[in-house]
>>> print(open('structure22.cif').read())   # mmCIF, C-alpha atoms
data_run
#
loop_
_atom_site.label_atom_id
_atom_site.label_comp_id
_atom_site.auth_asym_id
_atom_site.auth_seq_id
_atom_site.Cartn_x
_atom_site.Cartn_y
_atom_site.Cartn_z
CA MET A 1 -74.93 235.89 21.35
CA LEU A 2 -78.64 236.75 20.94
CA SER A 3 -79.74 233.62 22.80
CA LYS A 4 -77.35 234.39 25.70
CA VAL A 5 -78.67 237.96 26.11
CA SER A 6 -82.21 236.60 25.77
CA ARG A 7 -81.60 234.15 28.61
CA VAL A 8 -80.28 236.98 30.85
CA PHE A 9 -83.48 238.94 30.25
CA ASP A 10 -85.59 235.82 30.92
CA ILE A 11 -83.95 235.59 34.37
CA LEU A 12 -84.40 239.34 34.97
CA LEU A 13 -88.06 238.93 34.05
CA ILE A 14 -88.59 236.18 36.63
CA ILE A 15 -87.04 238.43 39.31
CA ALA A 16 -88.77 241.62 38.16
CA VAL A 17 -92.39 240.45 37.90
CA PRO A 18 -92.88 239.70 41.66
CA ILE A 19 -91.24 243.07 42.45
CA GLY A 20 -93.75 244.81 40.21
CA LEU A 21 -96.66 242.98 41.82
CA TYR A 22 -95.37 243.94 45.28
CA PHE A 23 -95.19 247.63 44.33
CA ALA A 24 -98.61 247.64 42.68
CA PHE A 25 -100.47 245.66 45.34
CA ILE A 26 -98.67 246.36 48.61
CA TYR A 27 -96.40 249.42 48.38
CA ALA A 28 -98.84 251.69 46.52
CA PRO A 29 -101.66 252.99 48.73
CA ILE A 30 -105.31 252.39 47.85
CA GLU A 31 -106.77 255.35 46.00
CA TYR A 32 -109.43 257.21 47.99
CA LYS A 33 -112.19 257.63 45.37
CA MET A 34 -111.82 254.59 43.11
CA GLY A 35 -110.72 252.08 45.73
CA ILE A 36 -108.73 248.96 44.99
CA VAL A 37 -109.72 248.80 41.30
CA GLN A 38 -107.43 251.81 40.71
CA LYS A 39 -104.45 249.43 41.00
CA ILE A 40 -105.11 248.40 37.39
CA PHE A 41 -103.53 251.80 36.64
CA TYR A 42 -99.92 250.70 37.24
CA PHE A 43 -99.88 248.05 34.54
CA HIS A 44 -102.38 249.78 32.24
CA VAL A 45 -100.23 252.93 32.01
CA ALA A 46 -96.96 250.97 31.88
CA SER A 47 -98.37 248.86 29.00
CA ALA A 48 -99.37 252.01 27.11
CA TRP A 49 -95.97 253.67 27.44
CA VAL A 50 -94.10 250.48 26.52
CA GLY A 51 -96.46 249.99 23.54
CA PHE A 52 -95.66 253.53 22.32
CA PHE A 53 -91.96 252.87 22.80
CA ALA A 54 -92.21 249.60 20.83
CA PHE A 55 -93.88 251.42 17.91
CA PHE A 56 -91.18 254.08 18.09
CA ILE A 57 -88.54 251.34 17.70
CA THR A 58 -90.48 250.00 14.69
CA PHE A 59 -90.54 253.53 13.26
CA LEU A 60 -86.81 254.04 13.80
CA MET A 61 -85.80 250.62 12.47
CA SER A 62 -88.04 251.08 9.42
CA ILE A 63 -86.24 254.34 8.57
CA ILE A 64 -82.83 252.73 9.05
CA PHE A 65 -83.86 249.76 6.90
CA LEU A 66 -84.97 252.02 4.04
CA ILE A 67 -81.60 253.80 4.20
CA ASN A 68 -79.24 250.79 4.33
CA ARG A 69 -81.50 247.84 3.27
CA LYS A 70 -80.03 245.50 5.89
CA PHE A 71 -82.65 242.91 6.91
CA ILE A 72 -81.68 242.90 10.59
CA PHE A 73 -83.43 246.28 10.90
CA ASP A 74 -86.54 244.90 9.23
CA ASP A 75 -86.45 241.96 11.68
CA ILE A 76 -86.23 244.31 14.68
CA ALA A 77 -89.04 246.48 13.28
CA GLU A 78 -91.28 243.44 12.84
CA ALA A 79 -90.46 242.00 16.28
CA SER A 80 -91.05 245.34 17.99
CA ALA A 81 -94.37 245.88 16.17
CA GLU A 82 -95.62 242.46 17.26
CA VAL A 83 -94.63 243.00 20.90
CA GLY A 84 -96.02 246.56 20.78
CA LEU A 85 -99.31 245.17 19.50
CA LEU A 86 -99.41 242.77 22.47
CA PHE A 87 -98.96 245.66 24.94
CA THR A 88 -101.57 247.78 23.13
CA THR A 89 -103.98 244.84 23.36
CA ILE A 90 -103.35 244.77 27.11
CA VAL A 91 -104.15 248.52 27.26
CA LEU A 92 -107.40 248.08 25.29
CA VAL A 93 -108.55 245.18 27.47
CA THR A 94 -107.57 246.54 30.92
CA GLY A 95 -108.84 250.04 30.17
CA PRO A 96 -112.50 248.99 29.73
CA ILE A 97 -112.26 246.61 32.72
CA TRP A 98 -111.18 249.62 34.81
CA ALA A 99 -113.67 251.95 33.09
CA LYS A 100 -116.77 249.92 33.95
CA PRO A 101 -116.68 250.48 37.75
CA THR A 102 -115.17 253.98 37.36
CA TRP A 103 -117.19 255.54 34.50
CA GLY A 104 -120.14 253.14 34.48
CA ALA A 105 -119.41 251.91 30.94
CA TYR A 106 -116.84 249.59 29.37
CA TRP A 107 -116.31 251.84 26.36
CA THR A 108 -116.91 255.38 25.18
CA TRP A 109 -115.82 256.99 21.91
CA ASP A 110 -113.53 259.24 23.92
CA PRO A 111 -110.56 260.68 21.90
CA ARG A 112 -107.92 258.76 23.91
CA LEU A 113 -109.75 255.42 23.60
CA THR A 114 -110.64 255.92 19.93
CA THR A 115 -107.13 256.94 18.83
CA THR A 116 -105.66 253.98 20.76
CA LEU A 117 -108.06 251.62 18.99
CA ILE A 118 -107.00 253.14 15.64
CA LEU A 119 -103.36 252.57 16.67
CA TRP A 120 -104.16 248.91 17.38
CA PHE A 121 -105.75 248.51 13.93
CA ILE A 122 -102.76 250.15 12.24
CA TYR A 123 -100.36 247.60 13.71
CA VAL A 124 -102.70 244.68 13.09
CA GLY A 125 -102.55 245.91 9.48
CA TYR A 126 -98.75 245.95 9.68
CA ILE A 127 -98.65 242.29 10.82
CA LEU A 128 -101.24 241.21 8.22
CA LEU A 129 -99.38 243.04 5.43
CA ARG A 130 -96.25 241.04 6.24
CA GLN A 131 -98.21 237.78 6.15
CA PHE A 132 -99.58 238.46 2.65
CA ILE A 133 -96.41 239.56 0.84
CA VAL A 134 -94.27 236.61 -0.21
CA ASP A 135 -91.30 238.47 -1.73
CA VAL A 136 -88.86 239.27 1.08
CA ASN A 137 -87.66 242.60 -0.35
CA GLN A 138 -91.15 243.91 -1.11
CA ARG A 139 -92.41 242.77 2.31
CA ALA A 140 -89.63 244.67 4.09
CA LYS A 141 -90.09 247.81 1.97
CA PHE A 142 -93.88 248.07 2.30
CA SER A 143 -93.78 247.19 6.01
CA ALA A 144 -91.16 249.89 6.56
CA ALA A 145 -93.43 252.44 4.87
CA LEU A 146 -96.35 251.44 7.09
CA GLY A 147 -94.12 251.34 10.17
CA ILE A 148 -93.14 254.98 9.51
CA ILE A 149 -96.59 256.32 8.59
CA GLY A 150 -98.40 254.32 11.29
CA PHE A 151 -96.28 255.92 13.99
CA ILE A 152 -98.01 259.26 13.33
CA ASP A 153 -100.90 257.99 15.50
CA VAL A 154 -98.68 257.57 18.57
CA PRO A 155 -98.23 261.31 19.33
CA ILE A 156 -101.92 261.79 18.46
CA VAL A 157 -102.87 259.23 21.13
CA PHE A 158 -100.49 260.84 23.61
CA LEU A 159 -101.71 264.39 22.96
CA SER A 160 -105.41 263.48 22.54
CA ILE A 161 -106.20 264.50 26.12
CA ARG A 162 -104.73 267.95 25.43
CA LEU A 163 -106.15 268.41 21.93
CA TRP A 164 -109.74 267.35 22.62
CA ARG A 165 -112.21 267.21 25.50
CA THR A 166 -111.87 263.87 27.24
CA ILE A 167 -112.88 262.00 30.38
CA HIS A 168 -109.63 260.03 30.35
CA PRO A 169 -107.34 261.03 33.25
CA ASN A 170 -104.05 262.81 32.52
CA VAL A 171 -101.06 261.50 34.45
CA VAL A 172 -98.34 263.19 32.42
CA GLN A 173 -98.52 266.73 33.70
CA LYS A 174 -96.86 268.93 36.31
CA GLY A 175 -97.20 267.40 39.75
CA GLY A 176 -97.61 263.87 38.32
CA GLY A 177 -101.34 264.21 37.79
CA GLY A 178 -102.01 264.64 41.50
CA LEU A 179 -100.59 261.22 42.35
CA HIS A 180 -99.37 260.33 45.82
CA PRO A 181 -95.52 260.00 45.81
CA ASP A 182 -95.76 256.26 46.62
CA MET A 183 -98.11 255.82 43.65
CA LEU A 184 -95.67 257.67 41.39
CA THR A 185 -92.82 255.45 42.60
CA SER A 186 -94.90 252.31 41.97
CA LEU A 187 -95.78 253.59 38.50
CA PHE A 188 -92.12 254.12 37.59
CA VAL A 189 -91.15 250.71 39.00
CA CYS A 190 -93.90 249.01 36.95
CA LEU A 191 -92.78 250.97 33.89
CA GLY A 192 -89.22 249.68 34.38
CA ILE A 193 -90.48 246.12 34.80
CA PHE A 194 -92.65 246.29 31.69
CA THR A 195 -89.64 247.62 29.79
CA ILE A 196 -87.70 244.52 30.89
CA ILE A 197 -90.63 242.35 29.74
CA TYR A 198 -90.64 244.18 26.38
CA ILE A 199 -86.90 243.61 25.87
CA ALA A 200 -87.20 239.93 26.88
CA LEU A 201 -90.07 239.37 24.42
CA LEU A 202 -88.35 241.40 21.68
CA LEU A 203 -85.16 239.34 21.95
CA LYS A 204 -87.13 236.09 21.81
CA ARG A 205 -89.12 237.27 18.78
CA LEU A 206 -85.91 238.44 17.13
CA SER A 207 -84.41 234.98 17.69
CA VAL A 208 -87.31 233.55 15.65
CA SER A 209 -86.57 235.89 12.70
CA SER A 210 -82.84 235.23 12.90
CA LEU A 211 -83.29 231.43 13.00
CA GLU A 212 -85.82 231.50 10.13
CA ARG A 213 -83.36 233.51 8.02
CA ARG A 214 -80.51 231.06 8.72
CA ILE A 215 -82.76 228.09 7.86
CA LEU A 216 -83.79 229.82 4.61
CA ILE A 217 -80.14 230.35 3.63
CA ILE A 218 -79.31 226.64 4.17
CA GLU A 219 -82.44 225.50 2.32
CA GLU A 220 -81.72 227.80 -0.63
CA LYS A 221 -78.19 226.37 -0.92
CA LYS A 222 -79.64 222.86 -1.52
CA MET B 1 -112.69 245.67 48.51
CA LYS B 2 -115.46 246.87 46.24
CA ASN B 3 -114.86 245.97 42.59
CA ILE B 4 -112.09 243.49 43.43
CA TRP B 5 -113.27 241.15 40.65
CA PHE B 6 -112.55 243.85 38.07
CA LEU B 7 -109.01 244.09 39.45
CA ILE B 8 -108.56 240.30 39.40
CA SER B 9 -109.94 240.09 35.80
CA ALA B 10 -107.60 242.82 34.58
CA TYR B 11 -104.52 241.26 36.17
CA SER B 12 -105.50 237.79 34.91
CA VAL B 13 -105.75 239.15 31.36
CA ILE B 14 -102.40 240.96 31.57
CA TRP B 15 -100.42 237.99 32.84
CA PHE B 16 -102.26 235.46 30.67
CA LEU B 17 -101.50 237.41 27.49
CA LEU B 18 -97.84 237.96 28.43
CA ALA B 19 -97.30 234.36 29.56
CA TYR B 20 -99.07 232.96 26.49
CA TYR B 21 -96.91 235.00 24.09
CA PHE B 22 -93.72 234.21 26.04
CA ILE B 23 -94.39 230.45 26.03
CA LYS B 24 -95.54 230.39 22.37
CA ILE B 25 -92.48 232.29 21.14
CA GLY B 26 -90.16 230.27 23.39
CA GLY B 27 -91.58 227.06 21.90
CA LYS B 28 -91.10 228.39 18.38
CA VAL B 29 -87.46 229.31 19.14
CA ARG B 30 -86.77 225.80 20.46
CA SER B 31 -88.34 224.08 17.44
CA LEU B 32 -86.44 226.35 14.99
CA GLU B 33 -83.18 225.69 16.85
CA LYS B 34 -83.74 221.92 16.51
CA ARG B 35 -84.56 222.29 12.82
CA LEU B 36 -81.46 224.42 12.22
CA ALA B 37 -79.25 221.95 14.08
CA SER B 38 -80.62 219.06 12.00
CA LEU B 39 -80.13 220.98 8.72
CA GLU B 40 -76.57 221.90 9.71
CA ASP B 41 -75.83 218.25 10.60
CA ASN B 42 -77.21 217.09 7.23
CA ASP B 43 -75.18 219.78 5.47
CA GLU B 44 -71.98 218.67 7.24
CA SER B 45 -72.53 214.96 6.48
CA GLU B 46 -73.26 215.78 2.80
CA ASN B 47 -70.00 217.78 2.55
CA LYS B 48 -67.91 214.92 4.02
#
>>> encode(input="structure22.cif", output="structure tokens")
Amino acid sequence: MLSKVSRVFDILLIIAVPIGLYFAFIYAPIEYKMGIVQKIFYFHVASAWVGFFAFFITFLMSIIFLINRKFIFDDIAEASAEVGLLFTTIVLVTGPIWAKPTWGAYWTWDPRLTTTLILWFIYVGYILLRQFIVDVNQRAKFSAALGIIGFIDVPIVFLSIRLWRTIHPNVVQKGGGGLHPDMLTSLFVCLGIFTIIYIALLLKRLSVSSLERRILIIEEKK
Amino acid sequence: MKNIWFLISAYSVIWFLLAYYFIKIGGKVRSLEKRLASLEDNDESENK
């Protein structure tokens, strides 16, 4: 069942990616001040939102695992954290590439950038923690605790531009952050496409956990 | 077309990272499926 749904999302992915590129490169107009480099925005912002969503899924699945102790929820939490970490890496790499021509520097210790970097380290810690604990029950329990506590940084990242002084632009506000309607449309299309990519990668990663568990059961029987 | 190389670098990184992860995980799924199939075959032949 999982592999069939995964294949459907693989096909959707192949269709969706060119659509996203069309909207980002052709449909969306070129921004007046920043020029063509502003087009990094569509995938940078989409990656950030999908990353936050992935960590929210880890948070939710961690809570559910601690309540009912079913390993499927631990598997989903782990898979979502790994994919979320991938999207956050994309954010931390594309942001500085965009920042250099726009702000004149690859990096500043701006609240938004700093809290996002902290978020990245939290989930690297989550993945490393899982690598170092051999006992399956302990691994799931401690990871669930970190998956819940680590999520506290996500609203901090999101609200950082409201809580502190920052040079990072704010898109999520009334009027769409002053975006042209075609830019807003492109942003939402790219967000939808990155969500499809997230689901496709999550299902694949989940297949790995599920197969490993089935192999373990057969090997333990012998 | 000023700063186009920054745009190309950013897009290259995005799609490289996504494609790399997709291919790596896809490869892992295929190898685990083969291993599971072989273990299940061995299990069946031992039970017979």
>>> residues_around(input="structure22.cif", residues="stretch 153-160 of chain A", least_positions_apart="3", cutoff="7 Å", atoms="all atoms listed in the file", output="short mmCIF file (atom, residue, chain, number, x, y, z; two decimals) with C-alpha atoms, in the frame of the given file")
data_model
loop_
_atom_site.label_atom_id
_atom_site.label_comp_id
_atom_site.auth_asym_id
_atom_site.auth_seq_id
_atom_site.Cartn_x
_atom_site.Cartn_y
_atom_site.Cartn_z
CA PHE A 52 -95.66 253.53 22.32
CA PRO A 111 -110.56 260.68 21.90
CA ARG A 112 -107.92 258.76 23.91
CA THR A 115 -107.13 256.94 18.83
CA THR A 116 -105.66 253.98 20.76
CA LEU A 119 -103.36 252.57 16.67
CA GLY A 150 -98.40 254.32 11.29
CA LEU A 163 -106.15 268.41 21.93
CA TRP A 164 -109.74 267.35 22.62
#
>>> interface_residues(input="structure22.cif", of="chain A", to="chain B", cutoff="7 Å", atoms="only C-alpha atoms", output="ChimeraX atom specification")
/A:36-37,40,90,94,97-98,101,201,204-205,207-208,211,215
>>> atom_distance(input="structure22.cif", atom1="atom CA of A:Gly95", atom2="atom CA of A:Thr195")
19.4 Å
>>> atom_distance(input="structure22.cif", atom1="atom CA of A:Lys70", atom2="atom CA of A:Gln131")
19.8 Å
>>> resolve_selection(input="structure22.cif", expression="the PyMOL selection byres ((chain A and resi 76) around 10)", output="list in words")
Ile57, Thr58, Leu60, Met61, Ser62, Phe65, Phe71, Ile72, Phe73, Asp74, Asp75, Ala77, Glu78, Ala79, Ser80, Ala81, Glu82, Leu202, Leu203, Arg205, Leu206, Ser207, Ser209 and Ser210 of chain A
>>> write_last_selection(input="structure22.cif", atoms="C-alpha atoms", output="PDB file, in the coordinates of the input")
ATOM      1  CA  ILE A  57     -88.540 251.340  17.700  1.00  0.00           C
ATOM      2  CA  THR A  58     -90.480 250.000  14.690  1.00  0.00           C
ATOM      3  CA  LEU A  60     -86.810 254.040  13.800  1.00  0.00           C
ATOM      4  CA  MET A  61     -85.800 250.620  12.470  1.00  0.00           C
ATOM      5  CA  SER A  62     -88.040 251.080   9.420  1.00  0.00           C
ATOM      6  CA  PHE A  65     -83.860 249.760   6.900  1.00  0.00           C
ATOM      7  CA  PHE A  71     -82.650 242.910   6.910  1.00  0.00           C
ATOM      8  CA  ILE A  72     -81.680 242.900  10.590  1.00  0.00           C
ATOM      9  CA  PHE A  73     -83.430 246.280  10.900  1.00  0.00           C
ATOM     10  CA  ASP A  74     -86.540 244.900   9.230  1.00  0.00           C
ATOM     11  CA  ASP A  75     -86.450 241.960  11.680  1.00  0.00           C
ATOM     12  CA  ALA A  77     -89.040 246.480  13.280  1.00  0.00           C
ATOM     13  CA  GLU A  78     -91.280 243.440  12.840  1.00  0.00           C
ATOM     14  CA  ALA A  79     -90.460 242.000  16.280  1.00  0.00           C
ATOM     15  CA  SER A  80     -91.050 245.340  17.990  1.00  0.00           C
ATOM     16  CA  ALA A  81     -94.370 245.880  16.170  1.00  0.00           C
ATOM     17  CA  GLU A  82     -95.620 242.460  17.260  1.00  0.00           C
ATOM     18  CA  LEU A 202     -88.350 241.400  21.680  1.00  0.00           C
ATOM     19  CA  LEU A 203     -85.160 239.340  21.950  1.00  0.00           C
ATOM     20  CA  ARG A 205     -89.120 237.270  18.780  1.00  0.00           C
ATOM     21  CA  LEU A 206     -85.910 238.440  17.130  1.00  0.00           C
ATOM     22  CA  SER A 207     -84.410 234.980  17.690  1.00  0.00           C
ATOM     23  CA  SER A 209     -86.570 235.890  12.700  1.00  0.00           C
ATOM     24  CA  SER A 210     -82.840 235.230  12.900  1.00  0.00           C
TER      25      SER A 210
END
>>> residues_around(input="structure22.cif", residues="A:Phe194", least_positions_apart="6", cutoff="7 Å", atoms="all atoms listed in the file", output="ChimeraX atom specification")
/A:46-47,50
>>> atom_distance(input="structure22.cif", atom1="atom CA of A:Ala16", atom2="atom CA of A:Ile193")
5.9 Å
>>> closest_residue(input="structure22.cif", among="A:Ala28, A:Leu146, A:Phe9, A:Pro18", to="A:Thr185", atoms="all atoms listed in the file")
A:Ala28
>>> residues_around(input="structure22.cif", residues="A:Leu117", least_positions_apart="5", cutoff="9 Å", atoms="only C-alpha atoms", output="PyMOL selection string")
chain A and resi 88+92+112+122
>>> closest_residue(input="structure22.cif", among="A:Arg69, A:Thr166, A:Ile148, A:Gln138", to="A:Thr114", atoms="only C-alpha atoms")
A:Thr166
>>> closest_residue(input="structure22.cif", among="A:Phe132, A:Phe151, A:Tyr32, A:Tyr42", to="A:Val189", atoms="all atoms listed in the file")
A:Tyr42
>>> closest_residue(input="structure22.cif", among="A:Cys190, A:Lys222, A:Ile133, A:Val83", to="B:Glu46", atoms="all atoms listed in the file")
A:Lys222
>>> closest_residue(input="structure22.cif", among="A:Phe25, A:Phe87, A:Trp107, A:Trp49", to="A:Phe188", atoms="all atoms listed in the file")
A:Trp49
>>> axis_aligned_box(input="structure22.cif", around="stretch 43-61 of chain A", padding_each_side="8 Å", output="AutoDock Vina command-line options")
--center_x -94.1 --center_y 251.1 --center_z 23.5 --size_x 32.6 --size_y 22.0 --size_z 38.1
